[in-house]
file my_file_16.txt (compact mmCIF, C-alpha atoms)
# COMPACT_ATOMS: atom_id res chain seq x y z
CA MET C 1336 0.00 0.00 0.00
CA GLY C 1337 2.83 2.37 0.85
CA GLN C 1338 4.08 2.34 -2.77
CA GLN C 1339 0.72 3.36 -4.19
CA LYS C 1340 0.11 6.86 -5.46
CA VAL C 1341 -1.05 9.26 -2.75
CA ARG C 1342 -4.13 11.20 -3.86
CA LEU C 1343 -5.04 13.02 -0.65
CA HIS C 1344 -2.44 14.03 1.91
CA ILE C 1345 -3.98 15.12 5.21
CA GLU C 1346 -1.56 16.79 7.60
CA ASN C 1347 -2.37 17.61 11.24
CA ILE C 1348 -5.98 18.67 10.64
CA THR C 1349 -7.73 20.17 13.65
CA LYS C 1350 -11.18 21.69 14.00
CA LYS C 1351 -12.50 23.70 16.92
CA PHE C 1352 -15.84 25.46 17.27
CA PRO C 1353 -16.20 28.56 19.43
CA LEU C 1354 -18.50 28.36 22.42
CA LYS C 1355 -19.69 31.20 24.64
CA ASN C 1356 -16.76 30.99 27.04
CA ASP C 1357 -14.72 28.18 25.56
CA THR C 1358 -14.01 26.17 22.41
CA LEU C 1359 -15.19 22.70 21.42
CA SER C 1360 -12.44 20.53 19.93
CA VAL C 1361 -13.93 18.12 17.36
CA VAL C 1362 -10.96 16.97 15.26
CA ASP C 1363 -7.52 16.76 16.83
CA GLY C 1364 -4.35 16.37 14.79
CA ILE C 1365 -5.46 14.00 12.01
CA SER C 1366 -2.65 13.05 9.60
CA LEU C 1367 -3.41 10.50 6.89
CA ASP C 1368 -2.63 9.56 3.29
CA VAL C 1369 -5.41 8.35 0.98
CA TYR C 1370 -4.22 6.24 -1.93
CA ASP C 1371 -5.29 6.00 -5.54
CA ASN C 1372 -8.24 3.66 -6.15
CA GLU C 1373 -8.48 2.47 -2.56
CA PHE C 1374 -11.66 2.04 -0.55
CA LEU C 1375 -10.79 3.75 2.72
CA VAL C 1376 -13.19 3.50 5.64
CA LEU C 1377 -13.22 5.96 8.54
CA LEU C 1378 -14.76 4.21 11.54
CA GLY C 1379 -15.71 5.85 14.81
CA PRO C 1380 -18.52 6.41 17.30
CA GLY C 1381 -21.36 8.80 16.58
CA HIS C 1382 -20.56 12.51 16.93
CA CYS C 1383 -16.82 11.86 17.26
CA GLY C 1384 -15.90 14.30 14.48
CA LYS C 1385 -15.50 12.01 11.48
CA SER C 1386 -18.25 13.75 9.47
CA VAL C 1387 -16.64 17.09 10.25
CA LEU C 1388 -13.40 15.74 8.82
CA LEU C 1389 -15.27 14.66 5.67
CA ASN C 1390 -16.77 18.11 5.27
CA ILE C 1391 -13.27 19.56 5.53
CA LEU C 1392 -11.98 17.12 2.88
CA ALA C 1393 -14.87 18.08 0.60
CA GLY C 1394 -14.12 21.77 1.03
CA LEU C 1395 -17.47 22.43 2.73
CA MET C 1396 -15.78 23.50 5.97
CA HIS C 1397 -12.44 25.11 6.77
CA PRO C 1398 -10.11 23.51 9.32
CA THR C 1399 -8.85 25.41 12.32
CA GLY C 1400 -5.37 24.12 11.56
CA GLY C 1401 -3.50 21.79 9.25
CA THR C 1402 -3.41 21.28 5.49
CA ILE C 1403 -4.91 19.03 2.82
CA GLU C 1404 -3.29 18.36 -0.55
CA LEU C 1405 -4.87 16.71 -3.57
CA ASP C 1406 -2.22 15.39 -5.95
CA GLY C 1407 0.34 17.59 -4.23
CA LYS C 1408 -1.65 20.83 -4.47
CA PRO C 1409 -3.41 22.53 -1.54
CA VAL C 1410 -7.17 22.08 -1.19
CA THR C 1411 -8.65 25.32 0.14
CA GLY C 1412 -12.29 24.97 -0.95
CA THR C 1413 -14.61 22.79 -3.01
CA ASP C 1414 -12.90 20.92 -5.83
CA PRO C 1415 -14.79 19.34 -8.77
CA ARG C 1416 -12.52 16.30 -8.51
CA ILE C 1417 -14.04 15.49 -5.11
CA GLY C 1418 -17.67 14.31 -4.98
CA MET C 1419 -19.82 13.65 -1.93
CA VAL C 1420 -22.72 11.36 -1.06
CA PHE C 1421 -24.57 12.43 2.07
CA GLN C 1422 -26.42 10.37 4.67
CA LYS C 1423 -29.55 12.36 3.88
CA TRP C 1424 -30.52 11.88 0.27
CA SER C 1425 -30.80 15.64 -0.51
CA LEU C 1426 -32.72 15.00 -3.71
CA LEU C 1427 -34.80 17.79 -5.23
CA PRO C 1428 -38.39 16.53 -4.80
CA TRP C 1429 -39.71 18.37 -7.84
CA LYS C 1430 -37.17 16.78 -10.17
CA THR C 1431 -37.16 13.28 -11.63
CA VAL C 1432 -34.45 10.67 -11.17
CA MET C 1433 -32.89 11.76 -14.46
CA GLU C 1434 -33.09 15.46 -13.58
CA ASN C 1435 -31.57 14.90 -10.14
CA THR C 1436 -28.78 12.77 -11.59
CA GLU C 1437 -27.81 15.22 -14.34
CA ILE C 1438 -27.92 18.34 -12.18
CA GLY C 1439 -24.15 18.73 -11.72
CA PRO C 1440 -23.23 18.69 -15.42
CA LYS C 1441 -26.28 20.89 -16.13
CA PHE C 1442 -24.98 23.58 -13.76
CA ARG C 1443 -21.58 23.34 -15.46
CA GLY C 1444 -23.20 24.07 -18.82
CA VAL C 1445 -22.86 20.60 -20.36
CA ASP C 1446 -25.30 20.19 -23.25
CA LYS C 1447 -28.46 18.17 -22.62
CA LYS C 1448 -27.62 15.21 -24.88
CA THR C 1449 -24.15 14.71 -23.39
CA ARG C 1450 -25.20 15.07 -19.76
CA ARG C 1451 -28.19 12.77 -20.17
CA GLU C 1452 -26.07 10.08 -21.78
CA LYS C 1453 -23.68 10.31 -18.81
CA ALA C 1454 -26.53 10.31 -16.29
CA GLN C 1455 -28.12 7.30 -17.99
CA GLU C 1456 -24.85 5.38 -17.72
CA TYR C 1457 -24.85 5.75 -13.94
CA ILE C 1458 -28.59 5.29 -13.55
CA ASP C 1459 -28.08 1.95 -15.27
CA LEU C 1460 -25.03 1.19 -13.14
CA VAL C 1461 -26.94 1.64 -9.86
CA GLY C 1462 -29.84 -0.49 -11.14
CA LEU C 1463 -32.47 2.22 -11.71
CA ARG C 1464 -33.15 1.80 -15.43
CA GLY C 1465 -36.88 2.29 -15.92
CA PHE C 1466 -37.16 4.83 -13.09
CA GLU C 1467 -35.69 7.80 -14.97
CA ASN C 1468 -39.02 9.69 -14.92
CA SER C 1469 -39.93 8.83 -11.32
CA TYR C 1470 -39.92 11.43 -8.56
CA PRO C 1471 -38.21 10.95 -5.16
CA SER C 1472 -41.59 10.51 -3.44
CA GLN C 1473 -42.15 7.41 -5.58
CA LEU C 1474 -38.88 5.76 -4.52
CA SER C 1475 -37.84 3.64 -1.54
CA GLY C 1476 -35.02 4.75 0.74
CA GLY C 1477 -32.52 2.46 -0.96
CA MET C 1478 -33.54 3.74 -4.39
CA LYS C 1479 -33.14 7.35 -3.26
CA GLN C 1480 -29.63 6.58 -2.07
CA ARG C 1481 -28.87 4.96 -5.44
CA VAL C 1482 -29.90 8.23 -7.10
CA GLY C 1483 -27.52 10.09 -4.78
CA ILE C 1484 -24.67 7.76 -5.77
CA ALA C 1485 -25.50 8.06 -9.48
CA ARG C 1486 -25.62 11.85 -9.15
CA ALA C 1487 -22.21 11.93 -7.50
CA TYR C 1488 -20.63 9.70 -10.17
CA THR C 1489 -22.22 11.70 -13.00
CA ASN C 1490 -20.14 14.66 -11.83
CA ASP C 1491 -17.13 12.48 -12.73
CA PRO C 1492 -15.22 12.87 -9.45
CA GLU C 1493 -11.82 11.30 -9.02
CA ILE C 1494 -12.44 10.91 -5.29
CA LEU C 1495 -15.85 10.02 -3.84
CA ILE C 1496 -16.58 10.86 -0.22
CA MET C 1497 -19.50 9.03 1.40
CA ASP C 1498 -20.83 10.15 4.78
CA GLU C 1499 -22.68 7.21 6.40
CA PRO C 1500 -24.78 6.84 3.24
CA PHE C 1501 -26.56 3.68 4.40
CA GLY C 1502 -27.13 4.64 8.03
CA ALA C 1503 -30.84 5.40 7.56
CA LEU C 1504 -31.62 2.15 5.71
CA ASP C 1505 -33.03 -1.06 7.15
CA ALA C 1506 -30.58 -3.92 7.64
CA GLN C 1507 -31.52 -5.87 4.51
CA THR C 1508 -31.40 -2.83 2.24
CA ARG C 1509 -28.17 -1.70 3.86
CA TYR C 1510 -26.47 -5.01 3.11
CA ALA C 1511 -27.72 -4.90 -0.50
CA MET C 1512 -26.35 -1.38 -0.90
CA GLU C 1513 -22.99 -2.41 0.57
CA GLU C 1514 -22.74 -5.11 -2.08
CA GLU C 1515 -23.82 -2.65 -4.75
CA ILE C 1516 -21.30 0.05 -3.86
CA ILE C 1517 -18.45 -2.47 -3.95
CA LYS C 1518 -19.53 -3.64 -7.42
CA ILE C 1519 -19.61 -0.03 -8.61
CA TRP C 1520 -16.24 0.73 -7.03
CA GLN C 1521 -14.66 -2.37 -8.58
CA LYS C 1522 -15.98 -1.36 -11.99
CA GLN C 1523 -15.11 2.35 -11.75
CA LYS C 1524 -11.90 2.04 -9.69
CA ARG C 1525 -11.98 5.45 -8.08
CA THR C 1526 -10.79 6.45 -4.66
CA VAL C 1527 -13.57 6.20 -2.06
CA VAL C 1528 -13.50 7.62 1.46
CA PHE C 1529 -16.41 6.11 3.39
CA VAL C 1530 -17.54 7.03 6.92
CA THR C 1531 -19.43 4.63 9.19
CA ASN C 1532 -19.98 3.80 12.84
CA ASN C 1533 -20.71 0.14 12.00
CA ILE C 1534 -17.81 -2.27 12.43
CA GLU C 1535 -19.26 -5.00 10.18
CA GLU C 1536 -19.77 -2.46 7.41
CA ALA C 1537 -16.21 -1.21 7.81
CA VAL C 1538 -14.72 -4.71 7.60
CA TYR C 1539 -16.95 -5.65 4.68
CA LEU C 1540 -16.06 -2.58 2.62
CA GLY C 1541 -12.63 -1.29 3.50
CA ASP C 1542 -9.17 -1.86 2.02
CA ARG C 1543 -8.01 0.03 5.10
CA ILE C 1544 -10.00 0.94 8.20
CA VAL C 1545 -9.05 4.07 10.12
CA LEU C 1546 -10.33 3.74 13.69
CA PHE C 1547 -11.11 7.02 15.43
CA SER C 1548 -11.46 7.76 19.12
CA ALA C 1549 -14.46 9.45 20.71
CA ARG C 1550 -14.57 13.24 20.30
CA PRO C 1551 -12.28 14.91 19.62
CA ALA C 1552 -11.47 12.53 16.79
CA LYS C 1553 -7.95 11.15 16.86
CA ILE C 1554 -6.62 8.16 14.94
CA LYS C 1555 -6.37 5.20 17.30
CA LYS C 1556 -5.17 2.66 14.73
CA ILE C 1557 -5.19 1.92 10.99
CA TYR C 1558 -6.04 -1.64 9.97
CA THR C 1559 -5.07 -3.04 6.57
CA ASN C 1560 -7.84 -5.40 5.45
CA THR C 1561 -6.54 -8.20 3.21
CA LEU C 1562 -9.68 -10.37 3.31
CA PRO C 1563 -10.56 -11.47 -0.24
CA ARG C 1564 -13.66 -10.11 -1.95
CA PRO C 1565 -16.52 -10.88 -1.89
CA ARG C 1566 -16.28 -11.02 1.88
CA ASP C 1567 -18.11 -13.47 4.11
CA MET C 1568 -19.36 -11.79 7.30
CA VAL C 1569 -19.49 -15.10 9.19
CA SER C 1570 -16.08 -16.39 8.17
CA LYS C 1571 -13.49 -16.99 10.89
CA GLU C 1572 -11.14 -14.37 9.45
CA PHE C 1573 -13.88 -11.73 9.17
CA LEU C 1574 -15.01 -12.28 12.76
CA GLU C 1575 -11.42 -12.19 14.04
CA LEU C 1576 -10.79 -8.80 12.42
CA ARG C 1577 -14.14 -7.52 13.64
CA THR C 1578 -13.31 -8.57 17.20
CA MET C 1579 -9.82 -7.05 17.01
CA ILE C 1580 -11.26 -3.69 15.98
CA SER C 1581 -14.13 -3.91 18.45
CA ASP C 1582 -11.79 -4.55 21.36
CA ASN C 1583 -9.86 -1.38 20.50
CA SER C 1584 -12.81 0.87 19.74
CA ASP C 1585 -14.93 3.38 21.63
CA LEU C 1586 -18.07 2.20 19.83
CA ALA C 1587 -21.01 1.05 21.92
CA LEU C 1588 -21.84 -2.54 21.01
call {"tool": "encode", "arguments": {"input": "my_file_16.txt", "output": "structure tokens"}}
result
Amino acid sequence: MGQQKVRLHIENITKKFPLKNDTLSVVDGISLDVYDNEFLVLLGPGHCGKSVLLNILAGLMHPTGGTIELDGKPVTGTDPRIGMVFQKWSLLPWKTVMENTEIGPKFRGVDKKTRREKAQEYIDLVGLRGFENSYPSQLSGGMKQRVGIARAYTNDPEILIMDEPFGALDAQTRYAMEEEIIKIWQKQKRTVVFVTNNIEEAVYLGDRIVLFSARPAKIKKIYTNTLPRPRDMVSKEFLELRTMISDNSDLAL
């Protein structure tokens, strides 16, 4: 892994929020390299600061201290090479699946034929062919999240950031979406940074798993996950890695 190309270099990132008579430290001294084409999982308890770190990586929030470089150049704001999938679907309810998916290229001035061909490619990839003219109110939770993923990929990001995208789904749909996102990642081979507070999800998805402490978020340990894909959640090796991470974590089980 160490010889792979570094896409994101995160150096001593901190984030503090001002309070009335004090400050709230949320992220504390995070340093990390994210490699080309890897599926990196950030694992930590709820409200520990991992989503704040993602917002900083996406350029949606400025750090209090530290630097981020993408391909050796500083990231100081939003960058079109970085896409984001949120936990909340954030779909425009008055627009169809196609219209929601093509919205990024539309805002960039891409002509209708080109952007719709691109959107259709990813609508097909996430398994929503036939629903192009449906509205969000007509879709299940899992289908809405598929639209969010298709929309992010249609923007053609080199790095995709996913903030607990399956956290609001029921267990069966969540597992199906975990399988789906791995299939998409294996086909597209882009760098993914994925946040979760679920250990099984982290072990199932990640090439590496970055374990965070409770707030303020610090890196406790980085686990390299060499389990072959597709992964079996009840295999001896899977359960051993899960237990190893669990025993070192601040997550409530």
call {"tool": "closest_residue", "arguments": {"input": "my_file_16.txt", "among": "C:His1382, C:His1397, C:Lys1351, C:Arg1566", "to": "Thr1413 in chain C", "atoms": "all atoms listed in the file"}}
result
C:His1397
call {"tool": "residues_around", "arguments": {"input": "my_file_16.txt", "residues": "Ile1417 in chain C", "least_positions_apart": "4", "cutoff": "9 Å", "atoms": "all atoms listed in the file", "output": "ChimeraX atom specification"}}
result
/C:1392-1394,1413,1491-1496
call {"tool": "closest_residue", "arguments": {"input": "my_file_16.txt", "among": "C:Gly1465, C:Gly1407, C:Gly1477, C:Gly1483", "to": "Ile1438 in chain C", "atoms": "only C-alpha atoms"}}
result
C:Gly1483
call {"tool": "atom_distance", "arguments": {"input": "my_file_16.txt", "atom1": "CA of Thr1399 in chain C", "atom2": "CA of Lys1350 in chain C"}}
result
4.7 Å
call {"tool": "atom_distance", "arguments": {"input": "my_file_16.txt", "atom1": "CA of Thr1578 in chain C", "atom2": "CA of Val1530 in chain C"}}
result
19.2 Å
call {"tool": "atom_distance", "arguments": {"input": "my_file_16.txt", "atom1": "CA of Leu1375 in chain C", "atom2": "CA of Phe1352 in chain C"}}
result
26.6 Å
call {"tool": "closest_residue", "arguments": {"input": "my_file_16.txt", "among": "C:Lys1385, C:Thr1489, C:Ile1391, C:Lys1448", "to": "Asp1414 in chain C", "atoms": "only C-alpha atoms"}}
result
C:Ile1391
call {"tool": "residues_near_point", "arguments": {"input": "my_file_16.txt", "point": "(-0.7, 8.8, 0.7)", "cutoff": "12 Å", "atoms": "all atoms listed in the file", "output": "VMD selection string"}}
result
chain C and resid 1336 to 1346 1366 to 1373 1375 1403 to 1407 1526
call {"tool": "residues_around", "arguments": {"input": "my_file_16.txt", "residues": "Val1387 in chain C", "least_positions_apart": "6", "cutoff": "9 Å", "atoms": "all atoms listed in the file", "output": "list of chain:residue names"}}
result
C:Lys1350, C:Val1361, C:Val1362, C:Met1396
call {"tool": "closest_residue", "arguments": {"input": "my_file_16.txt", "among": "C:Leu1562, C:Ala1454, C:Val1410, C:Ala1487", "to": "Asp1542 in chain C", "atoms": "all atoms listed in the file"}}
result
C:Leu1562
call {"tool": "closest_residue", "arguments": {"input": "my_file_16.txt", "among": "C:Ile1365, C:Leu1389, C:Met1497, C:Leu1354", "to": "Val1420 in chain C", "atoms": "all atoms listed in the file"}}
result
C:Met1497
call {"tool": "closest_residue", "arguments": {"input": "my_file_16.txt", "among": "C:Gly1364, C:Gly1502, C:Gly1541, C:Pro1353", "to": "Pro1565 in chain C", "atoms": "all atoms listed in the file"}}
result
C:Gly1541
call {"tool": "residues_near_point", "arguments": {"input": "my_file_16.txt", "point": "(-16.3, -4.1, 13.5)", "cutoff": "8 Å", "atoms": "all atoms listed in the file", "output": "ChimeraX atom specification"}}
result
/C:1533-1538,1576-1581
call {"tool": "decode", "arguments": {"input": "my_file_16.txt", "residues": "range 1498-1523 of chain C", "atoms": "N, CA, C and O atoms", "output": "PDB file, in the first residue's frame"}}
result
ATOM      1  N   ASP C1498     -20.634   9.898   3.360  1.00  0.00           N
ATOM      2  CA  ASP C1498     -20.833  10.150   4.783  1.00  0.00           C
ATOM      3  C   ASP C1498     -21.993   9.313   5.314  1.00  0.00           C
ATOM      4  O   ASP C1498     -23.152   9.707   5.230  1.00  0.00           O
ATOM      5  N   GLU C1499     -21.679   8.132   5.861  1.00  0.00           N
ATOM      6  CA  GLU C1499     -22.675   7.208   6.400  1.00  0.00           C
ATOM      7  C   GLU C1499     -23.897   7.104   5.474  1.00  0.00           C
ATOM      8  O   GLU C1499     -25.039   7.294   5.912  1.00  0.00           O
ATOM      9  N   PRO C1500     -23.679   6.776   4.202  1.00  0.00           N
ATOM     10  CA  PRO C1500     -24.776   6.839   3.237  1.00  0.00           C
ATOM     11  C   PRO C1500     -25.875   5.815   3.471  1.00  0.00           C
ATOM     12  O   PRO C1500     -26.990   5.986   2.978  1.00  0.00           O
ATOM     13  N   PHE C1501     -25.574   4.737   4.213  1.00  0.00           N
ATOM     14  CA  PHE C1501     -26.563   3.684   4.399  1.00  0.00           C
ATOM     15  C   PHE C1501     -27.113   3.643   5.821  1.00  0.00           C
ATOM     16  O   PHE C1501     -27.841   2.735   6.189  1.00  0.00           O
ATOM     17  N   GLY C1502     -26.757   4.649   6.622  1.00  0.00           N
ATOM     18  CA  GLY C1502     -27.132   4.640   8.028  1.00  0.00           C
ATOM     19  C   GLY C1502     -28.625   4.675   8.278  1.00  0.00           C
ATOM     20  O   GLY C1502     -29.097   4.181   9.308  1.00  0.00           O
ATOM     21  N   ALA C1503     -29.398   5.260   7.356  1.00  0.00           N
ATOM     22  CA  ALA C1503     -30.839   5.397   7.557  1.00  0.00           C
ATOM     23  C   ALA C1503     -31.636   4.234   6.967  1.00  0.00           C
ATOM     24  O   ALA C1503     -32.864   4.220   7.043  1.00  0.00           O
ATOM     25  N   LEU C1504     -30.942   3.256   6.390  1.00  0.00           N
ATOM     26  CA  LEU C1504     -31.617   2.150   5.714  1.00  0.00           C
ATOM     27  C   LEU C1504     -31.824   0.972   6.661  1.00  0.00           C
ATOM     28  O   LEU C1504     -31.080   0.794   7.619  1.00  0.00           O
ATOM     29  N   ASP C1505     -32.843   0.168   6.371  1.00  0.00           N
ATOM     30  CA  ASP C1505     -33.031  -1.056   7.148  1.00  0.00           C
ATOM     31  C   ASP C1505     -31.900  -2.033   6.837  1.00  0.00           C
ATOM     32  O   ASP C1505     -31.175  -1.881   5.850  1.00  0.00           O
ATOM     33  N   ALA C1506     -31.750  -3.045   7.712  1.00  0.00           N
ATOM     34  CA  ALA C1506     -30.578  -3.921   7.642  1.00  0.00           C
ATOM     35  C   ALA C1506     -30.457  -4.634   6.300  1.00  0.00           C
ATOM     36  O   ALA C1506     -29.357  -4.730   5.731  1.00  0.00           O
ATOM     37  N   GLN C1507     -31.563  -5.128   5.766  1.00  0.00           N
ATOM     38  CA  GLN C1507     -31.517  -5.872   4.505  1.00  0.00           C
ATOM     39  C   GLN C1507     -31.130  -4.968   3.346  1.00  0.00           C
ATOM     40  O   GLN C1507     -30.273  -5.317   2.519  1.00  0.00           O
ATOM     41  N   THR C1508     -31.729  -3.775   3.306  1.00  0.00           N
ATOM     42  CA  THR C1508     -31.401  -2.829   2.238  1.00  0.00           C
ATOM     43  C   THR C1508     -29.967  -2.343   2.378  1.00  0.00           C
ATOM     44  O   THR C1508     -29.251  -2.180   1.382  1.00  0.00           O
ATOM     45  N   ARG C1509     -29.535  -2.160   3.611  1.00  0.00           N
ATOM     46  CA  ARG C1509     -28.168  -1.703   3.856  1.00  0.00           C
ATOM     47  C   ARG C1509     -27.162  -2.713   3.316  1.00  0.00           C
ATOM     48  O   ARG C1509     -26.197  -2.339   2.646  1.00  0.00           O
ATOM     49  N   TYR C1510     -27.391  -3.984   3.591  1.00  0.00           N
ATOM     50  CA  TYR C1510     -26.472  -5.011   3.106  1.00  0.00           C
ATOM     51  C   TYR C1510     -26.463  -5.044   1.577  1.00  0.00           C
ATOM     52  O   TYR C1510     -25.396  -5.163   0.951  1.00  0.00           O
ATOM     53  N   ALA C1511     -27.642  -4.915   0.964  1.00  0.00           N
ATOM     54  CA  ALA C1511     -27.720  -4.901  -0.503  1.00  0.00           C
ATOM     55  C   ALA C1511     -26.957  -3.717  -1.077  1.00  0.00           C
ATOM     56  O   ALA C1511     -26.263  -3.839  -2.093  1.00  0.00           O
ATOM     57  N   MET C1512     -27.042  -2.568  -0.417  1.00  0.00           N
ATOM     58  CA  MET C1512     -26.348  -1.378  -0.901  1.00  0.00           C
ATOM     59  C   MET C1512     -24.837  -1.500  -0.701  1.00  0.00           C
ATOM     60  O   MET C1512     -24.056  -1.002  -1.513  1.00  0.00           O
ATOM     61  N   GLU C1513     -24.421  -2.169   0.372  1.00  0.00           N
ATOM     62  CA  GLU C1513     -22.985  -2.408   0.570  1.00  0.00           C
ATOM     63  C   GLU C1513     -22.424  -3.252  -0.570  1.00  0.00           C
ATOM     64  O   GLU C1513     -21.341  -2.963  -1.110  1.00  0.00           O
ATOM     65  N   GLU C1514     -23.164  -4.289  -0.955  1.00  0.00           N
ATOM     66  CA  GLU C1514     -22.737  -5.109  -2.085  1.00  0.00           C
ATOM     67  C   GLU C1514     -22.690  -4.285  -3.364  1.00  0.00           C
ATOM     68  O   GLU C1514     -21.762  -4.405  -4.172  1.00  0.00           O
ATOM     69  N   GLU C1515     -23.707  -3.438  -3.528  1.00  0.00           N
ATOM     70  CA  GLU C1515     -23.816  -2.645  -4.754  1.00  0.00           C
ATOM     71  C   GLU C1515     -22.670  -1.645  -4.876  1.00  0.00           C
ATOM     72  O   GLU C1515     -22.082  -1.485  -5.950  1.00  0.00           O
ATOM     73  N   ILE C1516     -22.336  -0.988  -3.777  1.00  0.00           N
ATOM     74  CA  ILE C1516     -21.301   0.046  -3.857  1.00  0.00           C
ATOM     75  C   ILE C1516     -19.936  -0.574  -4.140  1.00  0.00           C
ATOM     76  O   ILE C1516     -19.099   0.015  -4.830  1.00  0.00           O
ATOM     77  N   ILE C1517     -19.700  -1.789  -3.644  1.00  0.00           N
ATOM     78  CA  ILE C1517     -18.445  -2.474  -3.949  1.00  0.00           C
ATOM     79  C   ILE C1517     -18.384  -2.843  -5.430  1.00  0.00           C
ATOM     80  O   ILE C1517     -17.338  -2.696  -6.080  1.00  0.00           O
ATOM     81  N   LYS C1518     -19.498  -3.310  -5.988  1.00  0.00           N
ATOM     82  CA  LYS C1518     -19.532  -3.639  -7.420  1.00  0.00           C
ATOM     83  C   LYS C1518     -19.237  -2.393  -8.263  1.00  0.00           C
ATOM     84  O   LYS C1518     -18.479  -2.455  -9.238  1.00  0.00           O
ATOM     85  N   ILE C1519     -19.843  -1.269  -7.878  1.00  0.00           N
ATOM     86  CA  ILE C1519     -19.614  -0.026  -8.615  1.00  0.00           C
ATOM     87  C   ILE C1519     -18.161   0.408  -8.486  1.00  0.00           C
ATOM     88  O   ILE C1519     -17.513   0.788  -9.462  1.00  0.00           O
ATOM     89  N   TRP C1520     -17.638   0.343  -7.270  1.00  0.00           N
ATOM     90  CA  TRP C1520     -16.240   0.726  -7.034  1.00  0.00           C
ATOM     91  C   TRP C1520     -15.281  -0.164  -7.819  1.00  0.00           C
ATOM     92  O   TRP C1520     -14.311   0.311  -8.419  1.00  0.00           O
ATOM     93  N   GLN C1521     -15.536  -1.467  -7.849  1.00  0.00           N
ATOM     94  CA  GLN C1521     -14.657  -2.372  -8.581  1.00  0.00           C
ATOM     95  C   GLN C1521     -14.705  -2.095 -10.079  1.00  0.00           C
ATOM     96  O   GLN C1521     -13.701  -2.253 -10.781  1.00  0.00           O
ATOM     97  N   LYS C1522     -15.857  -1.664 -10.565  1.00  0.00           N
ATOM     98  CA  LYS C1522     -15.977  -1.357 -11.992  1.00  0.00           C
ATOM     99  C   LYS C1522     -15.356  -0.005 -12.330  1.00  0.00           C
ATOM    100  O   LYS C1522     -14.660   0.141 -13.339  1.00  0.00           O
ATOM    101  N   GLN C1523     -15.573   0.989 -11.462  1.00  0.00           N
ATOM    102  CA  GLN C1523     -15.113   2.349 -11.747  1.00  0.00           C
ATOM    103  C   GLN C1523     -13.680   2.609 -11.291  1.00  0.00           C
ATOM    104  O   GLN C1523     -12.983   3.441 -11.852  1.00  0.00           O
TER     105      GLN C1523
END
